[in-house]
Structures are given as C-alpha cells and as structure tokens.
>>> print(open('start.pdb').read())   # PDB, C-alpha atoms
ATOM      1  CA  MET V 180       0.000   0.000   0.000  1.00  0.00           C
ATOM      2  CA  SER V 181       1.154   3.536  -0.637  1.00  0.00           C
ATOM      3  CA  VAL V 182      -0.090   6.965   0.398  1.00  0.00           C
ATOM      4  CA  ILE V 183       0.416  10.536  -0.713  1.00  0.00           C
ATOM      5  CA  GLY V 184       2.155  12.713   1.856  1.00  0.00           C
ATOM      6  CA  TRP V 185       2.791  16.440   1.705  1.00  0.00           C
ATOM      7  CA  ARG V 186       6.204  17.896   2.423  1.00  0.00           C
ATOM      8  CA  GLN V 187       8.797  20.628   2.125  1.00  0.00           C
ATOM      9  CA  TRP V 188      12.164  20.126   0.448  1.00  0.00           C
ATOM     10  CA  ALA V 189      15.245  22.309   0.419  1.00  0.00           C
ATOM     11  CA  VAL V 190      16.783  22.523  -3.054  1.00  0.00           C
ATOM     12  CA  ASP V 191      20.564  22.378  -3.246  1.00  0.00           C
ATOM     13  CA  GLY V 192      22.747  24.151  -5.817  1.00  0.00           C
ATOM     14  CA  SER V 193      22.311  21.270  -8.294  1.00  0.00           C
ATOM     15  CA  GLY V 194      18.517  21.300  -8.034  1.00  0.00           C
ATOM     16  CA  ARG V 195      18.430  18.142  -5.890  1.00  0.00           C
ATOM     17  CA  LEU V 196      15.737  17.702  -3.257  1.00  0.00           C
ATOM     18  CA  ARG V 197      16.936  17.487   0.336  1.00  0.00           C
ATOM     19  CA  PRO V 198      15.085  17.340   3.648  1.00  0.00           C
ATOM     20  CA  ALA V 199      13.982  20.846   4.554  1.00  0.00           C
ATOM     21  CA  TRP V 200      14.197  20.193   8.299  1.00  0.00           C
ATOM     22  CA  THR V 201      17.446  18.211   8.652  1.00  0.00           C
ATOM     23  CA  PRO V 202      20.707  20.147   8.518  1.00  0.00           C
ATOM     24  CA  TRP V 203      22.997  18.304   6.128  1.00  0.00           C
ATOM     25  CA  SER V 204      26.373  18.813   7.727  1.00  0.00           C
ATOM     26  CA  PRO V 205      27.645  15.994   9.636  1.00  0.00           C
ATOM     27  CA  PHE V 206      26.215  13.560   7.081  1.00  0.00           C
ATOM     28  CA  PRO V 207      27.857  12.374   3.837  1.00  0.00           C
ATOM     29  CA  ASP V 208      26.772  14.282   0.731  1.00  0.00           C
ATOM     30  CA  GLY V 209      24.399  11.743  -0.827  1.00  0.00           C
ATOM     31  CA  MET V 210      22.925  10.394   2.398  1.00  0.00           C
ATOM     32  CA  LEU V 211      19.989  12.773   2.758  1.00  0.00           C
ATOM     33  CA  MET V 212      19.141  13.393  -0.892  1.00  0.00           C
ATOM     34  CA  TRP V 213      15.767  12.345  -2.304  1.00  0.00           C
ATOM     35  CA  ARG V 214      16.789  10.292  -5.319  1.00  0.00           C
ATOM     36  CA  PRO V 215      15.764  11.552  -8.754  1.00  0.00           C
ATOM     37  CA  ASP V 216      16.172   8.086 -10.297  1.00  0.00           C
ATOM     38  CA  GLY V 217      13.959   5.907  -8.128  1.00  0.00           C
ATOM     39  CA  LEU V 218      12.855   5.184  -4.601  1.00  0.00           C
ATOM     40  CA  THR V 219      14.455   6.931  -1.681  1.00  0.00           C
ATOM     41  CA  LYS V 220      14.964   4.561   1.238  1.00  0.00           C
ATOM     42  CA  ALA V 221      14.854   5.942   4.760  1.00  0.00           C
ATOM     43  CA  LEU V 222      17.924   5.471   6.894  1.00  0.00           C
ATOM     44  CA  CYS V 223      18.047   5.737  10.638  1.00  0.00           C
ATOM     45  CA  LEU V 224      20.534   8.544  11.129  1.00  0.00           C
ATOM     46  CA  ARG V 225      21.007   7.491  14.737  1.00  0.00           C
ATOM     47  CA  VAL V 226      22.147   4.057  13.619  1.00  0.00           C
ATOM     48  CA  GLN V 227      24.068   5.361  10.587  1.00  0.00           C
ATOM     49  CA  ARG V 228      25.915   7.891  12.687  1.00  0.00           C
ATOM     50  CA  ASP V 229      26.219   6.002  15.957  1.00  0.00           C
ATOM     51  CA  ASP V 230      29.577   7.656  16.541  1.00  0.00           C
ATOM     52  CA  LEU V 231      27.886  11.071  16.276  1.00  0.00           C
ATOM     53  CA  SER V 232      25.042  10.061  18.590  1.00  0.00           C
ATOM     54  CA  SER V 233      27.564   8.626  21.022  1.00  0.00           C
ATOM     55  CA  ARG V 234      29.402  11.945  21.142  1.00  0.00           C
ATOM     56  CA  MET V 235      26.191  13.972  21.417  1.00  0.00           C
ATOM     57  CA  LEU V 236      24.379  11.793  23.937  1.00  0.00           C
ATOM     58  CA  GLY V 237      27.322  10.145  25.642  1.00  0.00           C
ATOM     59  CA  THR V 238      26.093   6.631  24.862  1.00  0.00           C
ATOM     60  CA  PRO V 239      25.423   4.662  21.678  1.00  0.00           C
ATOM     61  CA  LEU V 240      21.798   4.324  20.662  1.00  0.00           C
ATOM     62  CA  PRO V 241      20.477   0.803  20.207  1.00  0.00           C
ATOM     63  CA  ALA V 242      20.028  -0.339  16.641  1.00  0.00           C
ATOM     64  CA  HIS V 243      16.615  -1.399  15.415  1.00  0.00           C
ATOM     65  CA  SER V 244      15.803  -3.772  12.600  1.00  0.00           C
ATOM     66  CA  ARG V 245      13.009  -1.822  10.894  1.00  0.00           C
ATOM     67  CA  THR V 246      12.908   1.709   9.594  1.00  0.00           C
ATOM     68  CA  PRO V 247      10.916   3.619  10.571  1.00  0.00           C
ATOM     69  CA  SER V 248      10.665   2.328  14.097  1.00  0.00           C
ATOM     70  CA  GLU V 249       7.982   3.407  16.558  1.00  0.00           C
ATOM     71  CA  SER V 250      10.711   3.804  19.182  1.00  0.00           C
ATOM     72  CA  CYS V 251      12.783   6.175  17.048  1.00  0.00           C
ATOM     73  CA  VAL V 252      12.326   9.337  15.000  1.00  0.00           C
ATOM     74  CA  CYS V 253      13.649   7.886  11.730  1.00  0.00           C
ATOM     75  CA  GLY V 254      11.823   7.729   8.415  1.00  0.00           C
ATOM     76  CA  LEU V 255      10.836   9.896   5.482  1.00  0.00           C
ATOM     77  CA  TYR V 256       8.510  12.523   6.906  1.00  0.00           C
ATOM     78  CA  ALA V 257       5.386  14.005   5.329  1.00  0.00           C
ATOM     79  CA  TRP V 258       2.221  15.719   6.507  1.00  0.00           C
ATOM     80  CA  LEU V 259      -1.139  13.983   6.091  1.00  0.00           C
ATOM     81  CA  SER V 260      -2.765  16.760   4.086  1.00  0.00           C
ATOM     82  CA  PRO V 261      -1.970  19.841   2.035  1.00  0.00           C
ATOM     83  CA  GLN V 262      -3.760  21.892   4.709  1.00  0.00           C
ATOM     84  CA  ALA V 263      -1.299  20.649   7.353  1.00  0.00           C
ATOM     85  CA  LEU V 264       1.607  21.483   5.052  1.00  0.00           C
ATOM     86  CA  ALA V 265       0.213  24.960   4.350  1.00  0.00           C
ATOM     87  CA  ALA V 266      -0.065  25.615   8.101  1.00  0.00           C
ATOM     88  CA  ALA V 267       3.527  24.502   8.787  1.00  0.00           C
ATOM     89  CA  THR V 268       6.259  27.036   9.379  1.00  0.00           C
ATOM     90  CA  ALA V 269       9.021  27.350   6.829  1.00  0.00           C
ATOM     91  CA  PRO V 270      12.465  26.098   7.816  1.00  0.00           C
ATOM     92  CA  THR V 271      14.836  28.870   8.860  1.00  0.00           C
ATOM     93  CA  TRP V 272      18.125  26.960   9.111  1.00  0.00           C
ATOM     94  CA  THR V 273      18.885  27.182   5.401  1.00  0.00           C
ATOM     95  CA  SER V 274      19.118  29.926   2.810  1.00  0.00           C
ATOM     96  CA  ARG V 275      18.456  27.377   0.030  1.00  0.00           C
ATOM     97  CA  PRO V 276      15.188  27.615  -1.913  1.00  0.00           C
ATOM     98  CA  ILE V 277      12.315  25.664  -0.351  1.00  0.00           C
ATOM     99  CA  VAL V 278       9.741  23.888  -2.511  1.00  0.00           C
ATOM    100  CA  VAL V 279       6.624  22.046  -1.398  1.00  0.00           C
ATOM    101  CA  GLY V 280       4.841  19.139  -2.961  1.00  0.00           C
ATOM    102  CA  ALA V 281       3.506  15.622  -2.777  1.00  0.00           C
ATOM    103  CA  ALA V 282       5.451  12.405  -2.278  1.00  0.00           C
ATOM    104  CA  ARG V 283       4.278   8.832  -2.720  1.00  0.00           C
ATOM    105  CA  LEU V 284       5.210   6.930   0.421  1.00  0.00           C
ATOM    106  CA  GLY V 285       5.223   3.200   1.006  1.00  0.00           C
ATOM    107  CA  GLY V 286       6.864   0.240   2.632  1.00  0.00           C
ATOM    108  CA  ARG V 287       6.629   0.393   6.392  1.00  0.00           C
ATOM    109  CA  LEU V 288       4.532   3.394   7.518  1.00  0.00           C
ATOM    110  CA  VAL V 289       4.216   4.948  10.955  1.00  0.00           C
ATOM    111  CA  ILE V 290       1.143   7.166  11.072  1.00  0.00           C
ATOM    112  CA  THR V 291       0.706   9.930  13.627  1.00  0.00           C
ATOM    113  CA  GLU V 292      -2.068  12.454  14.045  1.00  0.00           C
ATOM    114  CA  ARG V 293      -0.149  14.995  11.932  1.00  0.00           C
ATOM    115  CA  GLY V 294       1.725  12.929   9.411  1.00  0.00           C
ATOM    116  CA  TYR V 295       3.632   9.931   8.175  1.00  0.00           C
ATOM    117  CA  ARG V 296       7.060   8.445   8.614  1.00  0.00           C
ATOM    118  CA  ALA V 297       7.784   6.062   5.771  1.00  0.00           C
ATOM    119  CA  GLU V 298      10.388   3.511   4.760  1.00  0.00           C
ATOM    120  CA  LEU V 299      10.248   4.370   1.042  1.00  0.00           C
ATOM    121  CA  GLY V 300       9.224   7.378  -0.979  1.00  0.00           C
ATOM    122  CA  TYR V 301       9.609   9.419  -4.108  1.00  0.00           C
ATOM    123  CA  PRO V 302       8.464  12.914  -5.031  1.00  0.00           C
ATOM    124  CA  VAL V 303       5.555  12.965  -7.470  1.00  0.00           C
ATOM    125  CA  ALA V 304       4.687  16.655  -7.705  1.00  0.00           C
ATOM    126  CA  VAL V 305       6.265  19.970  -6.717  1.00  0.00           C
ATOM    127  CA  LEU V 306       5.221  23.595  -6.596  1.00  0.00           C
ATOM    128  CA  ASP V 307       8.198  25.025  -8.482  1.00  0.00           C
ATOM    129  CA  PRO V 308       7.294  28.334 -10.123  1.00  0.00           C
ATOM    130  CA  ALA V 309      10.960  29.435 -10.211  1.00  0.00           C
ATOM    131  CA  GLY V 310      12.134  26.217 -11.884  1.00  0.00           C
ATOM    132  CA  VAL V 311      14.786  25.413  -9.258  1.00  0.00           C
ATOM    133  CA  VAL V 312      14.181  21.638  -9.099  1.00  0.00           C
ATOM    134  CA  SER V 313      16.451  19.593 -11.381  1.00  0.00           C
ATOM    135  CA  THR V 314      14.864  18.213 -14.537  1.00  0.00           C
ATOM    136  CA  ALA V 315      16.342  14.832 -13.505  1.00  0.00           C
ATOM    137  CA  TYR V 316      13.293  14.433 -11.229  1.00  0.00           C
ATOM    138  CA  PRO V 317      10.374  12.961 -13.203  1.00  0.00           C
ATOM    139  CA  VAL V 318       7.767  14.929 -11.254  1.00  0.00           C
ATOM    140  CA  ALA V 319       4.709  16.938 -12.146  1.00  0.00           C
ATOM    141  CA  ARG V 320       5.592  20.621 -11.803  1.00  0.00           C
ATOM    142  CA  TYR V 321       3.058  23.249 -10.827  1.00  0.00           C
ATOM    143  CA  ARG V 322       3.095  27.017 -10.827  1.00  0.00           C
ATOM    144  CA  SER V 323       0.147  27.360  -8.440  1.00  0.00           C
ATOM    145  CA  TRP V 324      -0.662  25.788  -5.079  1.00  0.00           C
ATOM    146  CA  ASP V 325      -4.335  25.383  -6.016  1.00  0.00           C
ATOM    147  CA  ALA V 326      -3.493  23.335  -9.130  1.00  0.00           C
ATOM    148  CA  LEU V 327      -1.107  21.092  -7.165  1.00  0.00           C
ATOM    149  CA  VAL V 328      -3.675  20.426  -4.434  1.00  0.00           C
ATOM    150  CA  ALA V 329      -6.523  19.886  -6.901  1.00  0.00           C
ATOM    151  CA  GLU V 330      -4.578  17.119  -8.628  1.00  0.00           C
ATOM    152  CA  TRP V 331      -2.922  15.360  -5.673  1.00  0.00           C
ATOM    153  CA  GLU V 332      -5.150  15.739  -2.612  1.00  0.00           C
ATOM    154  CA  GLN V 333      -6.524  12.382  -1.467  1.00  0.00           C
ATOM    155  CA  PRO V 334     -10.299  11.851  -1.298  1.00  0.00           C
ATOM    156  CA  ASP V 335     -11.906  11.834   2.149  1.00  0.00           C
ATOM    157  CA  ASP V 336     -12.642   8.105   1.937  1.00  0.00           C
ATOM    158  CA  ALA V 337      -8.878   7.398   1.971  1.00  0.00           C
ATOM    159  CA  SER V 338      -8.480   8.984   5.401  1.00  0.00           C
ATOM    160  CA  PRO V 339      -5.696   7.420   7.468  1.00  0.00           C
ATOM    161  CA  SER V 340      -7.870   7.778  10.570  1.00  0.00           C
ATOM    162  CA  ASP V 341      -9.811   4.748   9.274  1.00  0.00           C
ATOM    163  CA  TRP V 342      -6.699   2.593   9.001  1.00  0.00           C
ATOM    164  CA  ARG V 343      -5.459   0.225  11.673  1.00  0.00           C
ATOM    165  CA  VAL V 344      -1.815   0.193  12.609  1.00  0.00           C
ATOM    166  CA  GLY V 345      -0.488  -3.269  13.324  1.00  0.00           C
ATOM    167  CA  PRO V 346       2.935  -4.513  14.364  1.00  0.00           C
ATOM    168  CA  TYR V 347       4.141  -4.432  10.762  1.00  0.00           C
ATOM    169  CA  GLY V 348       2.686  -1.079   9.772  1.00  0.00           C
ATOM    170  CA  VAL V 349      -0.671  -0.099   8.315  1.00  0.00           C
ATOM    171  CA  LYS V 350      -3.435  -2.611   7.620  1.00  0.00           C
TER     172      LYS V 350
END
>>> encode(input="start.pdb", output="structure tokens")
Amino acid sequence: MSVIGWRQWAVDGSGRLRPAWTPWSPFPDGMLMWRPDGLTKALCLRVQRDDLSSRMLGTPLPAHSRTPSESCVCGLYAWLSPQALAAATAPTWTSRPIVVGAARLGGRLVITERGYRAELGYPVAVLDPAGVVSTAYPVARYRSWDALVAEWEQPDDASPSDWRVGPYGVK
C-alpha cells in the first residue's frame, strides 16, 4: 500500500531535493538526498551515525531492525494533508530555496495524528514556479498551489484515521 504525503524540500545548488528540516552537515553528501532516479529509502541517522550520537548523547543508541521504528524518530517525513503542510512554518536553518509538494510513500509506515514516517518514498509533484528543481526528477511541476492540491489531494474516503496500525505497519 502507498499513500500521498505532503512535504517541504530544500533545493541544493544542483537542483536536488533534500530534507527541509534536517541540517545536512555531519552527514555524507548523498545520504539525505531524495533520489531523482527511483525510490528513496529511509535510513536511521542514529544508527548510521552512531559515533555522532555517542558523542552527542554520551552513549550509543540501540540499533533497530526496521525503519521507521515506533521507538525512534527515523523515516521519510510528510504531513497527512496539504492543509497541514500549508499551516507549517518554513524552515529557517537554510538559505536554500524551499519547494513544497507531494510524495508517494510506502513500505513500512508509521502514522501519527499529523503525518507519516515512511520507509520508502519518491516525489511525485512539486510547486516550483521558479524552476529550481532539477529536470532529472520525473515529477509533475506546478506554478500554483491550487493546481497542485486539486490534482494530488486524497479523497476523504482514503483517510488514514480509518486505518489500523499493526505490528508491521498499516493494515
């Protein structure tokens, strides 16, 4: 099963989509990029950078076998609805351009009252009136928020509040 989530991306100098809320610096260059050529797979940064977490917290964090894990904050993040995205504050840690859009999310999903954390995802549509997103991304590009929402908003009958979350994700 897959869902549409709504998110912000920071756009780097090459037009690549990066997490808008995760500062990139202690992580290797390609680690946090949303792939233009296929599925992006979530990594647990705590597990990937155990040496960093050990220095920051004074003790290594335990590894977990599934990403995202309910006991962690890992995963590809997205809001449940375009309304939630529109109400979100813009990131202030970066001077890079910020674009918003829709991402198809799948694999293991953790659903909260405000959004998703997913194992897999890829951008499907962006609001990019300035044309800053690389053409390597095969996404629908919109010049207006209303057009983006009209095409990608999920119908009410697909509401995640009706889903049941089991030990292996959404049922």
>>> resolve_selection(input="start.pdb", expression="the PyMOL selection byres ((chain V and resi 322-331) around 7)", output="number ranges by chain")
V: 261, 306-308, 320-321, 332-333
>>> residues_around(input="start.pdb", residues="Val289 in chain V", least_positions_apart="2", cutoff="7 Å", atoms="all atoms listed in the file", output="NGL selection string")
:V and (247 or 249 or 287 or 291 or 295-297 or 348)
>>> resolve_selection(input="start.pdb", expression="the PyMOL selection byres ((chain V and resi 258) around 8)", output="list of chain:residue names")
V:Gly184, V:Trp185, V:Arg186, V:Tyr256, V:Ala257, V:Leu259, V:Ser260, V:Pro261, V:Ala263, V:Leu264, V:Arg293, V:Gly294, V:Tyr295
>>> atom_distance(input="start.pdb", atom1="CA of Ala315 in chain V", atom2="CA of Asp216 in chain V")
7.5 Å
>>> atom_distance(input="start.pdb", atom1="CA of Ala199 in chain V", atom2="CA of Ser248 in chain V")
21.1 Å
>>> residues_near_point(input="start.pdb", point="(3.5, 19.6, -5.1)", cutoff="6 Å", atoms="all atoms listed in the file", output="list of chain:residue names")
V:Val279, V:Gly280, V:Ala281, V:Ala304, V:Val305, V:Leu306, V:Leu327
>>> atom_distance(input="start.pdb", atom1="CA of Ser244 in chain V", atom2="CA of Thr201 in chain V")
22.4 Å
>>> resolve_selection(input="start.pdb", expression="the PyMOL selection byres ((chain V and resi 298) around 8)", output="PyMOL selection string")
chain V and resi 220-221+246-247+254-255+284-288+296-297+299-300
>>> closest_residue(input="start.pdb", among="V:Arg197, V:Val252, V:Ile290, V:Arg245", to="Arg214 in chain V", atoms="all atoms listed in the file")
V:Arg197
>>> closest_residue(input="start.pdb", among="V:Pro302, V:Pro198, V:Pro334, V:Gly217", to="Thr273 in chain V", atoms="only C-alpha atoms")
V:Pro198
>>> closest_residue(input="start.pdb", among="V:Ala282, V:Ala267, V:Ala319, V:Ala309", to="Trp213 in chain V", atoms="all atoms listed in the file")
V:Ala282
>>> closest_residue(input="start.pdb", among="V:Val311, V:Val278, V:Val303, V:Cys253", to="Val182 in chain V", atoms="all atoms listed in the file")
V:Val303
>>> closest_residue(input="start.pdb", among="V:Met212, V:Leu222, V:Val190, V:Ala269", to="Gly310 in chain V", atoms="all atoms listed in the file")
V:Val190
>>> closest_residue(input="start.pdb", among="V:Gln262, V:Pro317, V:Tyr301, V:His243", to="Ser181 in chain V", atoms="all atoms listed in the file")
V:Tyr301
>>> axis_aligned_box(input="start.pdb", around="range 245-249 of chain V", padding_each_side="5 Å", output="AutoDock Vina command-line options")
--center_x 10.5 --center_y 0.9 --center_z 13.1 --size_x 15.0 --size_y 15.4 --size_z 17.0
>>> decode(input="start.pdb", residues="range 268-297 of chain V", atoms="N, CA, C and O atoms", output="CSV table (one decimal), in the first residue's frame")
chain,number,residue,atom,x,y,z
V,268,THR,N,5.3,25.9,9.5
V,268,THR,CA,6.3,27.0,9.4
V,268,THR,C,7.4,26.6,8.4
V,268,THR,O,7.6,25.4,8.2
V,269,ALA,N,7.9,27.6,7.8
V,269,ALA,CA,9.0,27.4,6.8
V,269,ALA,C,10.3,27.2,7.6
V,269,ALA,O,10.5,27.8,8.6
V,270,PRO,N,11.2,26.3,7.1
V,270,PRO,CA,12.5,26.1,7.8
V,270,PRO,C,13.3,27.4,7.8
V,270,PRO,O,13.3,28.1,6.8
V,271,THR,N,14.0,27.7,8.8
V,271,THR,CA,14.8,28.9,8.9
V,271,THR,C,16.3,28.6,8.9
V,271,THR,O,17.1,29.5,8.9
V,272,TRP,N,16.7,27.3,9.0
V,272,TRP,CA,18.1,27.0,9.1
V,272,TRP,C,18.9,27.1,7.8
V,272,TRP,O,20.1,27.1,7.8
V,273,THR,N,18.2,27.2,6.7
V,273,THR,CA,18.9,27.2,5.4
V,273,THR,C,18.5,28.4,4.6
V,273,THR,O,17.4,28.9,4.7
V,274,SER,N,19.4,28.8,3.7
V,274,SER,CA,19.1,29.9,2.8
V,274,SER,C,18.8,29.4,1.4
V,274,SER,O,18.5,30.1,0.5
V,275,ARG,N,18.8,28.0,1.3
V,275,ARG,CA,18.5,27.4,0.0
V,275,ARG,C,17.0,27.6,-0.3
V,275,ARG,O,16.2,27.8,0.6
V,276,PRO,N,16.6,27.5,-1.6
V,276,PRO,CA,15.2,27.6,-1.9
V,276,PRO,C,14.4,26.4,-1.3
V,276,PRO,O,15.0,25.3,-1.2
V,277,ILE,N,13.2,26.7,-0.9
V,277,ILE,CA,12.3,25.7,-0.4
V,277,ILE,C,11.2,25.5,-1.3
V,277,ILE,O,10.6,26.4,-1.8
V,278,VAL,N,10.9,24.2,-1.7
V,278,VAL,CA,9.7,23.9,-2.5
V,278,VAL,C,8.8,23.0,-1.7
V,278,VAL,O,9.3,22.3,-0.8
V,279,VAL,N,7.6,22.9,-2.1
V,279,VAL,CA,6.6,22.0,-1.4
V,279,VAL,C,6.0,21.1,-2.5
V,279,VAL,O,6.1,21.4,-3.7
V,280,GLY,N,5.5,20.0,-2.0
V,280,GLY,CA,4.8,19.1,-3.0
V,280,GLY,C,4.3,17.9,-2.3
V,280,GLY,O,4.2,17.8,-1.1
V,281,ALA,N,4.1,16.9,-3.2
V,281,ALA,CA,3.5,15.6,-2.8
V,281,ALA,C,4.5,14.5,-3.0
V,281,ALA,O,5.3,14.6,-4.0
V,282,ALA,N,4.6,13.6,-2.1
V,282,ALA,CA,5.5,12.4,-2.3
V,282,ALA,C,4.6,11.1,-2.1
V,282,ALA,O,3.7,11.1,-1.3
V,283,ARG,N,4.9,10.1,-2.9
V,283,ARG,CA,4.3,8.8,-2.7
V,283,ARG,C,5.1,8.1,-1.7
V,283,ARG,O,6.4,8.0,-1.9
V,284,LEU,N,4.5,7.6,-0.7
V,284,LEU,CA,5.2,6.9,0.4
V,284,LEU,C,4.7,5.5,0.5
V,284,LEU,O,3.5,5.2,0.3
V,285,GLY,N,5.6,4.6,0.9
V,285,GLY,CA,5.2,3.2,1.0
V,285,GLY,C,6.2,2.4,1.9
V,285,GLY,O,7.0,3.0,2.6
V,286,GLY,N,6.1,1.1,1.8
V,286,GLY,CA,6.9,0.2,2.6
V,286,GLY,C,6.3,0.3,4.0
V,286,GLY,O,5.1,0.4,4.2
V,287,ARG,N,7.1,0.3,5.0
V,287,ARG,CA,6.6,0.4,6.4
V,287,ARG,C,6.2,1.8,6.7
V,287,ARG,O,7.0,2.8,6.4
V,288,LEU,N,5.0,2.1,7.2
V,288,LEU,CA,4.5,3.4,7.5
V,288,LEU,C,4.2,3.5,9.0
V,288,LEU,O,3.6,2.6,9.6
V,289,VAL,N,4.6,4.6,9.6
V,289,VAL,CA,4.2,4.9,11.0
V,289,VAL,C,3.3,6.2,10.8
V,289,VAL,O,3.7,7.2,10.2
V,290,ILE,N,2.1,6.1,11.3
V,290,ILE,CA,1.1,7.2,11.1
V,290,ILE,C,0.9,7.8,12.4
V,290,ILE,O,0.6,7.2,13.4
V,291,THR,N,1.0,9.2,12.4
V,291,THR,CA,0.7,9.9,13.6
V,291,THR,C,-0.5,10.8,13.3
V,291,THR,O,-1.0,10.8,12.2
V,292,GLU,N,-0.9,11.6,14.3
V,292,GLU,CA,-2.1,12.5,14.0
V,292,GLU,C,-1.8,13.6,13.1
V,292,GLU,O,-2.7,14.1,12.4
V,293,ARG,N,-0.5,13.9,12.9
V,293,ARG,CA,-0.1,15.0,11.9
V,293,ARG,C,0.5,14.5,10.6
V,293,ARG,O,0.5,15.3,9.7
V,294,GLY,N,1.0,13.3,10.6
V,294,GLY,CA,1.7,12.9,9.4
V,294,GLY,C,2.2,11.5,9.4
V,294,GLY,O,1.8,10.7,10.2
V,295,TYR,N,3.1,11.3,8.4
V,295,TYR,CA,3.6,9.9,8.2
V,295,TYR,C,5.1,9.9,8.4
V,295,TYR,O,5.8,10.9,8.2
V,296,ARG,N,5.6,8.8,8.7
V,296,ARG,CA,7.1,8.4,8.6
V,296,ARG,C,7.1,7.2,7.8
V,296,ARG,O,6.5,6.2,8.1
V,297,ALA,N,7.8,7.2,6.7
V,297,ALA,CA,7.8,6.1,5.8
V,297,ALA,C,9.2,5.5,5.5
V,297,ALA,O,10.2,6.1,5.7
